[in-house]
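So this one's structure.tsv, TSV, C-alpha atoms:
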chain	number	residue	atom	x	y	z
U	165	MET	CA	2.05	23.92	-18.01
U	166	ARG	CA	4.21	23.36	-14.93
U	167	GLY	CA	1.32	24.32	-12.66
U	168	ASP	CA	-1.16	21.82	-14.12
U	169	LEU	CA	0.70	18.79	-15.49
U	170	GLY	CA	-2.31	16.60	-14.79
U	171	GLY	CA	-4.70	18.77	-16.82
U	172	ALA	CA	-5.68	18.37	-20.46
U	173	LEU	CA	-4.14	21.75	-21.48
U	174	PRO	CA	-5.28	21.93	-25.13
U	175	LEU	CA	-3.49	24.34	-27.46
U	176	ALA	CA	-6.43	26.77	-27.55
U	177	GLU	CA	-6.42	27.09	-23.75
U	178	LEU	CA	-2.67	27.68	-23.62
U	179	ALA	CA	-2.96	30.28	-26.38
U	180	ARG	CA	-5.73	32.11	-24.49
U	181	THR	CA	-3.54	32.22	-21.38
U	182	ALA	CA	-0.83	33.93	-23.43
U	183	LEU	CA	-3.38	36.19	-25.22
U	184	PHE	CA	-2.43	34.87	-28.68
U	185	SER	CA	-4.26	33.04	-31.40
U	186	PRO	CA	-3.45	29.28	-31.41
U	187	PHE	CA	-1.47	29.61	-34.65
U	188	HIS	CA	0.59	32.59	-33.43
U	189	PHE	CA	1.15	31.04	-30.02
U	190	HIS	CA	2.34	27.75	-31.55
U	191	ARG	CA	4.87	29.58	-33.74
U	192	ILE	CA	6.22	31.79	-30.95
U	193	PHE	CA	6.40	28.92	-28.47
U	194	ARG	CA	8.46	26.81	-30.86
U	195	THR	CA	10.78	29.74	-31.58
U	196	VAL	CA	11.42	30.30	-27.87
U	197	THR	CA	11.72	26.68	-26.67
U	198	GLY	CA	12.73	24.76	-29.78
U	199	GLU	CA	9.73	22.45	-29.25
U	200	THR	CA	6.05	22.49	-30.09
U	201	PRO	CA	3.71	23.06	-27.13
U	202	ALA	CA	2.57	19.42	-27.23
U	203	ARG	CA	6.12	18.04	-27.19
U	204	PHE	CA	7.22	20.46	-24.48
U	205	LEU	CA	4.24	19.50	-22.30
U	206	ALA	CA	5.00	15.80	-22.83
U	207	ALA	CA	8.62	16.41	-21.80
U	208	LEU	CA	7.55	18.25	-18.63
U	209	ARG	CA	5.21	15.39	-17.74
U	210	MET	CA	7.94	12.80	-18.21
U	211	ALA	CA	10.40	14.87	-16.19
U	212	GLN	CA	7.91	14.96	-13.31
U	213	ALA	CA	7.29	11.22	-13.71
U	214	ARG	CA	11.04	10.62	-13.42
U	215	ARG	CA	11.10	12.59	-10.15
U	216	LEU	CA	8.13	10.66	-8.76
U	217	LEU	CA	9.78	7.36	-9.70
U	218	LEU	CA	12.88	8.41	-7.76
U	219	HIS	CA	11.32	9.98	-4.68
U	220	SER	CA	8.03	8.15	-4.15
U	221	ARG	CA	6.67	4.64	-3.80
U	222	LEU	CA	3.75	5.38	-6.10
U	223	THR	CA	2.88	2.74	-8.67
U	224	VAL	CA	3.41	3.43	-12.34
U	225	GLY	CA	-0.36	3.69	-12.71
U	226	ALA	CA	-0.64	6.31	-9.97
U	227	ILE	CA	2.24	8.30	-11.46
U	228	SER	CA	0.71	8.19	-14.94
U	229	ALA	CA	-2.52	9.68	-13.58
U	230	ARG	CA	-0.66	12.44	-11.72
U	231	VAL	CA	1.03	13.61	-14.92
U	232	GLY	CA	-2.11	13.66	-17.06
U	233	TYR	CA	-2.43	10.18	-18.60
U	234	THR	CA	-5.67	8.20	-18.48
U	235	SER	CA	-4.02	5.06	-19.86
U	236	VAL	CA	-1.09	3.38	-18.12
U	237	GLY	CA	-0.17	1.71	-21.41
U	238	SER	CA	0.01	5.02	-23.26
U	239	PHE	CA	2.10	6.52	-20.45
U	240	THR	CA	4.52	3.58	-20.40
U	241	THR	CA	4.91	3.67	-24.18
U	242	GLN	CA	5.59	7.42	-24.16
U	243	PHE	CA	7.96	7.19	-21.19
U	244	THR	CA	9.94	4.38	-22.82
U	245	ARG	CA	10.19	6.29	-26.10
U	246	LEU	CA	11.37	9.55	-24.52
U	247	VAL	CA	13.50	8.19	-21.66
U	248	GLY	CA	14.84	5.03	-23.27
U	249	VAL	CA	13.71	2.45	-20.69
U	250	PRO	CA	10.37	1.51	-19.06
U	251	PRO	CA	9.40	3.35	-15.85
U	252	GLU	CA	10.25	0.60	-13.35
U	253	GLN	CA	13.65	0.03	-14.96
U	254	PHE	CA	14.38	3.75	-14.73
U	255	ARG	CA	13.39	3.67	-11.05
U	256	ARG	CA	15.91	0.89	-10.33
U	257	GLN	CA	18.72	2.57	-12.24
U	258	VAL	CA	18.28	6.06	-10.82
U	259	ARG	CA	17.93	4.91	-7.22
U	260	ALA	CA	21.42	3.45	-7.48
U	261	LEU	CA	22.67	7.06	-7.64
U	262	VAL	CA	20.88	8.33	-4.51
U	263	GLY	CA	23.32	10.24	-2.28
U	264	TRP	CA	26.24	9.97	-4.72
U	265	LEU	CA	28.06	13.30	-5.16
U	266	ILE	CA	29.38	14.52	-8.51
U	267	GLN	CA	33.15	14.30	-8.33
U	268	PRO	CA	35.58	16.95	-9.57
U	269	ALA	CA	36.70	16.26	-13.11
U	270	VAL	CA	39.51	13.76	-13.60
U	271	ARG	CA	42.78	14.91	-15.14
U	272	PRO	CA	42.11	15.53	-18.84
U	273	ARG	CA	44.02	13.91	-21.69
U	274	PRO	CA	45.57	15.77	-24.66
U	275	LEU	CA	43.37	16.29	-27.70
U	276	GLY	CA	45.83	15.11	-30.32
U	277	ARG	CA	45.95	16.42	-33.87
U	278	GLY	CA	44.06	15.98	-37.11
U	279	PRO	CA	40.72	17.04	-38.58
U	280	GLY	CA	37.55	16.71	-36.59
U	281	VAL	CA	35.09	18.63	-34.44
U	282	VAL	CA	36.20	20.08	-31.11
U	283	LEU	CA	33.58	21.46	-28.71
U	284	HIS	CA	34.92	24.33	-26.59
U	285	PRO	CA	32.87	24.98	-23.43
U	286	VAL	CA	32.64	28.65	-22.52
U	287	VAL	CA	31.52	29.66	-19.02
U	288	ARG	CA	31.19	33.17	-17.65
U	289	GLY	CA	33.98	33.51	-15.10
U	290	GLY	CA	35.99	30.70	-16.70
U	291	LEU	CA	36.03	26.94	-16.44
U	292	ALA	CA	38.53	26.98	-13.59
U	293	ALA	CA	35.80	28.23	-11.25
U	294	THR	CA	33.34	25.48	-12.28
U	295	ALA	CA	34.54	22.01	-11.33
U	296	GLY	CA	32.42	19.04	-12.26
U	297	THR	CA	31.69	16.42	-14.89
U	298	VAL	CA	30.87	17.10	-18.54
U	299	LEU	CA	28.32	15.09	-20.52
U	300	VAL	CA	27.94	15.56	-24.28
U	301	SER	CA	25.20	14.60	-26.73
U	302	VAL	CA	25.46	14.87	-30.53
U	303	VAL	CA	22.62	14.13	-32.93
U	304	PRO	CA	21.90	15.02	-36.58
U	305	ALA	CA	20.10	18.36	-36.61
U	306	ALA	CA	17.01	16.87	-38.25
U	307	ALA	CA	16.72	13.98	-35.77
U	308	GLU	CA	14.40	13.87	-32.77
U	309	PRO	CA	15.97	14.62	-29.35
U	310	GLU	CA	15.33	11.07	-28.11
U	311	ALA	CA	17.68	9.77	-30.83
U	312	SER	CA	20.67	11.45	-29.15
U	313	HIS	CA	23.64	9.49	-27.84
U	314	TRP	CA	25.42	10.74	-24.73
U	315	SER	CA	29.09	10.43	-23.76
U	316	ALA	CA	31.12	11.50	-20.74
U	317	ALA	CA	34.20	13.71	-21.12
U	318	ALA	CA	37.37	13.20	-19.12
U	319	GLY	CA	37.58	16.59	-17.48
U	320	LEU	CA	36.76	20.20	-18.21
U	321	GLY	CA	37.99	21.77	-21.40
U	322	PRO	CA	37.69	21.35	-25.19
U	323	VAL	CA	36.10	18.02	-26.14
U	324	ARG	CA	37.05	16.22	-29.35
U	325	LEU	CA	34.15	14.31	-30.85
U	326	PRO	CA	34.79	10.80	-32.19
U	327	ALA	CA	36.25	10.77	-35.69
U	328	GLY	CA	34.15	9.56	-38.58
U	329	LEU	CA	30.99	11.65	-38.23
U	330	PRO	CA	29.30	11.54	-41.66
U	331	PRO	CA	29.06	14.89	-43.45
U	332	GLY	CA	26.00	16.90	-42.45
U	333	ARG	CA	24.56	19.30	-39.90
U	334	TYR	CA	24.57	18.28	-36.23
U	335	ARG	CA	23.19	19.56	-32.95
U	336	ALA	CA	25.31	19.23	-29.80
U	337	GLN	CA	24.20	19.54	-26.20
U	338	MET	CA	26.53	19.77	-23.22
U	339	LEU	CA	25.78	19.40	-19.52
U	340	LEU	CA	28.27	20.43	-16.86
U	341	LEU	CA	27.26	18.71	-13.62
U	342	LYS	CA	28.71	20.71	-10.74
U	343	SER	CA	30.76	18.91	-8.13
U	344	ARG	CA	29.50	18.67	-4.56
U	345	TRP	CA	25.93	18.29	-5.83
U	346	THR	CA	24.29	14.88	-5.90
U	347	ALA	CA	23.90	13.24	-9.28
U	348	THR	CA	20.14	13.05	-8.83
U	349	ALA	CA	19.91	16.78	-8.04
U	350	ALA	CA	21.30	17.55	-11.49
U	351	LEU	CA	19.95	14.69	-13.58
U	352	VAL	CA	16.48	14.09	-12.11
U	353	ASP	CA	15.45	16.95	-9.83
U	354	GLN	CA	17.16	19.32	-12.30
U	355	ILE	CA	17.88	21.93	-9.63
U	356	PRO	CA	19.06	25.01	-11.56
U	357	ASP	CA	22.16	25.62	-9.39
U	358	SER	CA	23.40	22.04	-9.84
U	359	TYR	CA	24.35	22.16	-13.52
U	360	LEU	CA	25.01	24.28	-16.59
U	361	VAL	CA	23.72	23.59	-20.07
U	362	GLY	CA	24.53	24.67	-23.61
U	363	TRP	CA	23.62	23.94	-27.22
U	364	ALA	CA	25.30	24.52	-30.58
U	365	GLU	CA	24.89	23.46	-34.19
U	366	PHE	CA	27.79	22.66	-36.49
U	367	VAL	CA	28.45	21.22	-39.94
U	368	VAL	CA	30.81	18.37	-40.79
U	369	PRO	CA	32.17	19.13	-44.29
U	370	ASN	CA	33.04	16.59	-46.93
U	371	PRO	CA	35.91	15.93	-46.64
U	372	PRO	CA	36.90	17.30	-43.19
U	373	LEU	CA	40.10	19.23	-43.82
U	374	ARG	CA	40.95	20.84	-40.49
U	375	PRO	CA	39.83	20.87	-36.86
U	376	ASP	CA	36.48	22.64	-36.51
U	377	ARG	CA	36.17	24.68	-33.30
U	378	VAL	CA	32.60	24.90	-31.98
U	379	ALA	CA	31.88	27.18	-29.00
U	380	MET	CA	29.51	25.70	-26.41
U	381	ARG	CA	28.28	28.59	-24.25
U	382	LEU	CA	27.19	27.08	-20.93
U	383	ARG	CA	24.65	28.80	-18.70
U	384	PRO	CA	22.21	27.97	-15.91
U	385	PRO	CA	19.05	26.23	-17.16
U	386	GLN	CA	16.00	28.38	-17.89
U	387	PRO	CA	12.28	27.53	-17.49
U	388	THR	CA	11.93	27.53	-21.28
U	389	ASP	CA	14.62	24.84	-21.74
U	390	PRO	CA	13.23	21.39	-22.56
U	391	PRO	CA	14.21	18.95	-19.78
U	392	VAL	CA	16.77	16.25	-20.48
U	393	LEU	CA	14.85	12.98	-20.35
U	394	SER	CA	17.23	10.34	-21.68
U	395	VAL	CA	18.38	7.67	-19.23
U	396	GLU	CA	21.87	7.73	-20.77
U	397	PRO	CA	23.27	10.53	-18.53
U	398	VAL	CA	22.10	8.53	-15.51
U	399	ARG	CA	23.89	5.44	-16.82
U	400	LEU	CA	27.03	7.41	-17.63
U	401	VAL	CA	27.31	8.98	-14.20
U	402	ALA	CA	26.68	5.61	-12.56
U	403	GLY	CA	29.54	4.20	-14.63
U	404	LEU	CA	32.03	6.99	-13.88
U	405	ARG	CA	33.01	5.32	-10.61
U	406	ARG	CA	34.42	2.39	-12.55
U	407	ALA	CA	35.42	4.19	-15.76
U	408	THR	CA	38.93	4.15	-17.19
U	409	PRO	CA	40.34	6.98	-19.35
U	410	SER	CA	39.74	4.94	-22.51
U	411	ASP	CA	36.00	4.97	-21.78
U	412	LEU	CA	35.81	8.77	-21.96
U	413	LEU	CA	35.93	11.36	-24.72
U	414	PRO	CA	39.31	13.12	-24.84
U	415	VAL	CA	39.64	16.73	-23.71
U	416	SER	CA	42.57	19.08	-23.68
U	417	ALA	CA	44.74	19.96	-20.70

For this file, produce the structure as C-alpha cells.
Amino acid sequence: MRGDLGGALPLAELARTALFSPFHFHRIFRTVTGETPARFLAALRMAQARRLLLHSRLTVGAISARVGYTSVGSFTTQFTRLVGVPPEQFRRQVRALVGWLIQPAVRPRPLGRGPGVVLHPVVRGGLAATAGTVLVSVVPAAAEPEASHWSAAAGLGPVRLPAGLPPGRYRAQMLLLKSRWTATAALVDQIPDSYLVGWAEFVVPNPPLRPDRVAMRLRPPQPTDPPVLSVEPVRLVAGLRRATPSDLLPVSA
C-alpha cells in the first residue's frame, strides 16, 4: 500500500500479494491493524496528502491525483471527513507549526479524589526518561475513529479524564510527543522516533463507584498502526503556547 498510494489496489490484488484468499486476507488484516484494508488504505492516502499539503506547493487537485483520486471533489470530501477540515484550511493551520519544537511537559497538577477514569501511561525505561507533551483521545468503542475528541494533558503522568462520561465501553488513544522534535515531525511527517503511541479500552460502570485505573502502554509506532489524521492534535499543539493550566487535563505529580 505504502509503495503505490496512487494505484487502484483492489482487495483481490492485495490478497494475492499476501498469498491469501480475499476473505482470509480481509479478516487477518483487520485483526492486525484494527481497520479494513479499504479504510487503512484511505488513511495512508490522507496521511500522505497531509504531508504534501505541508511540504509542497502542489494544488489540491495535483495532490488528490498523487494519492489515487480521480475526482478532486471526492478527495476533498474524504479528506474533510477524516481530517476534520478541508485541505487548504489544514495547510494554513499546519504551516503555522513549522519549526516549532515540542516543549518539555509543564509542571503537572494533582489528580484530586473521587470516582472516574485515570489513564496511566507506561513506558519502557520509565516516564522520567521521556520528556514531552501528552495528547489524549477518547471515543466510544463502537464509534468511528474520526469521531474522536482530543485533549492535551498538563505534563507526564496519570491523566484523569473529565467526569461525567456516560456508562459504556470506550477506546482511548494516547500520543507522547517527544521534546526537541518539531511538532510537524510528530504530527504530520510521523517520524517514528518523534513520538510514542498507545491504545486501551475501558468500561465506565453505572454508577461509577471508585477510580478506574487504565494502563496505557506507550511504544514507538509500527507500520501496521493506522495514522492519526485528525486536525485536533495540530490545533492543540498550536494552542499550547498560549494555554493556561485550566485548559489542560489534570495529571498527577

*May I ask for the distance between CA of Ser228 in chain U and CA of Glu252 in chain U, given in Å to one decimal place?*
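If I compute the distance from CA of Ser228 in chain U to CA of Glu252 in chain U, I get 12.3 Å.
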
*asked:* Using Å and a single decimal, report how far CA of Pro331 in chain U sits from CA of Ala306 in chain U.
replied: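 It comes out at 13.3 Å.
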
At a cut-off of 12 Å, can you tabulate as JSON lines every residue of range 183-218 of chain U near range 233-241 of chain U together with its closest atom pair and the distance in Å to one decimal, using only C-alpha atoms and ordering rows by chain then number?
{"residue": "U:Ala206", "atom": "CA", "partner": "U:Phe239", "partner_atom": "CA", "distance": 10.0}
{"residue": "U:Ala207", "atom": "CA", "partner": "U:Phe239", "partner_atom": "CA", "distance": 11.9}
{"residue": "U:Arg209", "atom": "CA", "partner": "U:Tyr233", "partner_atom": "CA", "distance": 9.3}
{"residue": "U:Met210", "atom": "CA", "partner": "U:Phe239", "partner_atom": "CA", "distance": 8.9}
{"residue": "U:Ala213", "atom": "CA", "partner": "U:Phe239", "partner_atom": "CA", "distance": 9.7}
{"residue": "U:Arg214", "atom": "CA", "partner": "U:Thr240", "partner_atom": "CA", "distance": 11.9}

_Pairwise distance for CA of Leu208 in chain U and CA of Pro391 in chain U, rounded to one decimal in Å_ =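 CA of Pro391 in chain U lies at a distance of 6.8 Å from CA of Leu208 in chain U.
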
_Counting only C-alpha atoms, the option among U:Pro309, U:Met338, U:Gly248, U:Trp345 closest to Val286 in chain U_ =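 The answer is U:Met338, which sits nearest to Val286 in chain U.
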
*When distances are computed from only C-alpha atoms, which of U:Arg194, U:Ser301, U:Pro285, U:Phe189 shows the smallest separation from Pro326 in chain U?*
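Of the candidates, the smallest distance to Pro326 in chain U is held by U:Ser301.
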
*Looking at only C-alpha atoms, which of U:Thr297, U:Thr348, U:Gln386, U:Gln354 is the one that sits closest to Ala260 in chain U?*
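For Ala260 in chain U, the nearest of the given residues is U:Thr348.
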
*Counting only C-alpha atoms, select every polymer residue within 12 Å of (28.5, 19.9, -29.3) as defined in the file's coordinates, and provide the selection as a VMD selection string.*
chain U and resid 281 to 286 298 to 305 312 to 315 317 322 to 326 333 to 339 361 to 368 376 to 382

*Rank U:Pro385, U:Gly170, U:Pro390, U:Gly296 by their smallest atom-to-atom distance to Gly232 in chain U, using only C-alpha atoms, and report the top residue only.*
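Closest to Gly232 in chain U, using only C-alpha atoms: U:Gly170.
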
*Do a neighbour search on Leu218 in chain U at 12 Å with only C-alpha atoms, toss out local chain neighbours closer than 4 positions, and write the hits as a list in words.*
Ala211, Gln212, Ala213, Arg214, Leu222, Thr223, Val224, Ile227, Pro251, Glu252, Gln253, Phe254, Arg255, Arg256, Gln257, Val258, Arg259, Ala260, Leu261, Val262, Gly263, Thr348, Ala349, Leu351, Val352 and Asp353 of chain U

_Using only C-alpha atoms for the distances, tell me which of U:Pro250, U:Lys342, U:Gly403, U:Thr200 is nearest to Leu265 in chain U._
U:Lys342

_Contacts of Arg344 in chain U at 12 Å (only C-alpha atoms; same-chain gap of 6+ positions) as a list in words_ =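 Non-adjacent residues within range: Gly263, Trp264, Leu265, Ile266, Gln267, Pro268, Ala269, Thr294, Ala295, Gly296, Thr297, Ala350, Asp357, Ser358 and Tyr359 of chain U.
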
*Close residues, range 177-184 of chain U itself excluded, 12 Å, all atoms listed in the file, min 3 positions apart in chain, as a ChimeraX atom specification*: /U:165-166,168,171-174,187-193,201-202,205

Because the input lacks atoms here, generate N, CA, C and O atoms for range 319-331 of chain U and report them as an mmCIF file, in the frame of the given file.
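Once written, result.cif looks like this:
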data_model
loop_
_atom_site.group_PDB
_atom_site.id
_atom_site.type_symbol
_atom_site.label_atom_id
_atom_site.label_comp_id
_atom_site.auth_asym_id
_atom_site.auth_seq_id
_atom_site.Cartn_x
_atom_site.Cartn_y
_atom_site.Cartn_z
ATOM 1 N N GLY U 319 37.100 15.332 -18.016
ATOM 2 C CA GLY U 319 37.580 16.590 -17.480
ATOM 3 C C GLY U 319 36.958 17.786 -18.156
ATOM 4 O O GLY U 319 36.218 17.675 -19.113
ATOM 5 N N LEU U 320 37.283 18.975 -17.651
ATOM 6 C CA LEU U 320 36.760 20.200 -18.210
ATOM 7 C C LEU U 320 37.720 20.739 -19.261
ATOM 8 O O LEU U 320 38.931 20.743 -19.075
ATOM 9 N N GLY U 321 37.164 21.216 -20.347
ATOM 10 C CA GLY U 321 37.990 21.770 -21.400
ATOM 11 C C GLY U 321 37.446 21.373 -22.753
ATOM 12 O O GLY U 321 36.378 20.760 -22.854
ATOM 13 N N PRO U 322 38.147 21.720 -23.850
ATOM 14 C CA PRO U 322 37.690 21.350 -25.190
ATOM 15 C C PRO U 322 37.510 19.841 -25.317
ATOM 16 O O PRO U 322 38.320 19.059 -24.839
ATOM 17 N N VAL U 323 36.440 19.436 -25.986
ATOM 18 C CA VAL U 323 36.100 18.020 -26.140
ATOM 19 C C VAL U 323 36.157 17.662 -27.618
ATOM 20 O O VAL U 323 35.468 18.279 -28.442
ATOM 21 N N ARG U 324 37.007 16.683 -27.963
ATOM 22 C CA ARG U 324 37.050 16.220 -29.350
ATOM 23 C C ARG U 324 35.999 15.133 -29.544
ATOM 24 O O ARG U 324 35.982 14.133 -28.814
ATOM 25 N N LEU U 325 35.148 15.323 -30.546
ATOM 26 C CA LEU U 325 34.150 14.310 -30.850
ATOM 27 C C LEU U 325 34.800 13.143 -31.583
ATOM 28 O O LEU U 325 35.832 13.306 -32.238
ATOM 29 N N PRO U 326 34.216 11.957 -31.486
ATOM 30 C CA PRO U 326 34.790 10.800 -32.190
ATOM 31 C C PRO U 326 34.920 11.068 -33.678
ATOM 32 O O PRO U 326 34.061 11.715 -34.295
ATOM 33 N N ALA U 327 36.017 10.595 -34.260
ATOM 34 C CA ALA U 327 36.250 10.770 -35.690
ATOM 35 C C ALA U 327 35.222 9.949 -36.484
ATOM 36 O O ALA U 327 34.656 8.982 -35.985
ATOM 37 N N GLY U 328 35.009 10.355 -37.710
ATOM 38 C CA GLY U 328 34.150 9.560 -38.580
ATOM 39 C C GLY U 328 32.706 9.991 -38.630
ATOM 40 O O GLY U 328 31.870 9.252 -39.161
ATOM 41 N N LEU U 329 32.360 11.171 -38.087
ATOM 42 C CA LEU U 329 30.990 11.650 -38.230
ATOM 43 C C LEU U 329 30.691 11.877 -39.711
ATOM 44 O O LEU U 329 31.444 12.564 -40.395
ATOM 45 N N PRO U 330 29.622 11.321 -40.239
ATOM 46 C CA PRO U 330 29.300 11.540 -41.660
ATOM 47 C C PRO U 330 29.057 13.029 -41.921
ATOM 48 O O PRO U 330 28.626 13.766 -41.032
ATOM 49 N N PRO U 331 29.329 13.485 -43.129
ATOM 50 C CA PRO U 331 29.060 14.890 -43.450
ATOM 51 C C PRO U 331 27.597 15.230 -43.195
ATOM 52 O O PRO U 331 26.696 14.416 -43.399
#
